[in-house]
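Trainee: Encoded as structure tokens, here's the structure I'll be asking about.
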Amino acid sequence: MSRVLIVEDSPAIRLLLVRRLEMAGHQAVEAEDGQVALEIMASAPPGGKPDLILLDAMMPNMSGS
């Protein structure tokens with residue numbers, strides 16, 4: 001099982017990605033923008049960081065570019 005961090009400002013797209021990833025047996029964590037993603041990464045325990053980050057490149061506050 002892989003841990004995947006989804007950074008996406010659209011709730012509908014986040015929900016779709018979470019459901020698909022969980023159906024495939026992965027653990028999905030959601031963040032609505034780059035700032036929340038950084039907070040998730042900073043608070044992750046040792047060995048608890050995601051294996052993959054799916055990042056929207058165009059978001060408010062802090063973009064993925």
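If you're wondering about the labels, chains in the structure tokens are A, B, ... by order shown, residues count from 1 in each chain, ligands from 1 in order shown.
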List every residue of chain A that DSSP, applied to the backbone of this structure, places in helix (DSSP H, G or I), and write the result as a list in words.
Mentor: Pro11, Ala12, Ile13, Arg14, Leu15, Leu16, Leu17, Val18, Arg19, Arg20, Leu21, Glu22, Met23, Gly34, Gln35, Val36, Ala37, Leu38, Glu39, Ile40, Met41, Ala42 and Ser43 of chain A
Trainee: Excluding same-chain residues fewer than 5 positions from segment 51-58 of chain A, what lies within 12 Å of it counting only C-alpha atoms, as a PyMOL selection string?
Mentor: chain A and resi 1-10+13-14+17-18+21+26-34+37-38+40-41+63-65
Trainee: Based on the selection just made, write C-alpha atoms of those residues as a PDB file, in the first residue's frame.
Mentor:
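The resulting file, part-v7.pdb, is reproduced below:
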ATOM      1  CA  MET A   1       0.000   0.000   0.000  1.00  0.00           C
ATOM      2  CA  SER A   2       1.347   3.411  -0.982  1.00  0.00           C
ATOM      3  CA  ARG A   3       0.640   6.674   0.794  1.00  0.00           C
ATOM      4  CA  VAL A   4      -0.481   9.399  -1.621  1.00  0.00           C
ATOM      5  CA  LEU A   5      -0.872  13.093  -0.814  1.00  0.00           C
ATOM      6  CA  ILE A   6      -3.433  14.796  -3.062  1.00  0.00           C
ATOM      7  CA  VAL A   7      -3.013  18.574  -3.266  1.00  0.00           C
ATOM      8  CA  GLU A   8      -6.004  19.934  -5.183  1.00  0.00           C
ATOM      9  CA  ASP A   9      -8.225  22.982  -4.624  1.00  0.00           C
ATOM     10  CA  SER A  10     -11.327  21.417  -6.202  1.00  0.00           C
ATOM     11  CA  ILE A  13     -11.591  16.301  -7.992  1.00  0.00           C
ATOM     12  CA  ARG A  14     -10.023  15.531  -4.585  1.00  0.00           C
ATOM     13  CA  LEU A  17      -8.933  10.894  -6.652  1.00  0.00           C
ATOM     14  CA  VAL A  18      -9.285   9.725  -3.039  1.00  0.00           C
ATOM     15  CA  LEU A  21      -6.815   5.510  -4.959  1.00  0.00           C
ATOM     16  CA  HIS A  26      -3.714   2.985  -1.451  1.00  0.00           C
ATOM     17  CA  GLN A  27      -3.901   5.359   1.504  1.00  0.00           C
ATOM     18  CA  ALA A  28      -4.898   8.869   0.398  1.00  0.00           C
ATOM     19  CA  VAL A  29      -4.373  12.105   2.328  1.00  0.00           C
ATOM     20  CA  GLU A  30      -5.981  15.349   1.147  1.00  0.00           C
ATOM     21  CA  ALA A  31      -4.805  18.964   1.134  1.00  0.00           C
ATOM     22  CA  GLU A  32      -6.783  21.837  -0.387  1.00  0.00           C
ATOM     23  CA  ASP A  33      -3.731  23.994  -1.078  1.00  0.00           C
ATOM     24  CA  GLY A  34       0.045  24.119  -0.896  1.00  0.00           C
ATOM     25  CA  ALA A  37       0.268  20.208   2.134  1.00  0.00           C
ATOM     26  CA  LEU A  38       3.374  21.698   3.749  1.00  0.00           C
ATOM     27  CA  ILE A  40       0.909  17.759   6.532  1.00  0.00           C
ATOM     28  CA  MET A  41       4.484  17.075   5.435  1.00  0.00           C
ATOM     29  CA  SER A  63       0.546  27.051  -6.397  1.00  0.00           C
ATOM     30  CA  GLY A  64       2.372  23.896  -7.369  1.00  0.00           C
ATOM     31  CA  SER A  65       4.589  25.599  -9.925  1.00  0.00           C
TER      32      SER A  65
END
Trainee: Check the DSSP output for the backbone and give back, as JSON, numbers by chain, the residues of chain A in strand (DSSP E).
Mentor: {"A": [3, 4, 5, 6, 7, 27, 28, 29, 30, 31, 52, 53, 54, 55]}
Trainee: Please indicate the distance in Å from atom CA of Ala42 of chain A to atom CA of Arg19 of chain A, rounded to one decimal place.
Mentor: 24.7 Å
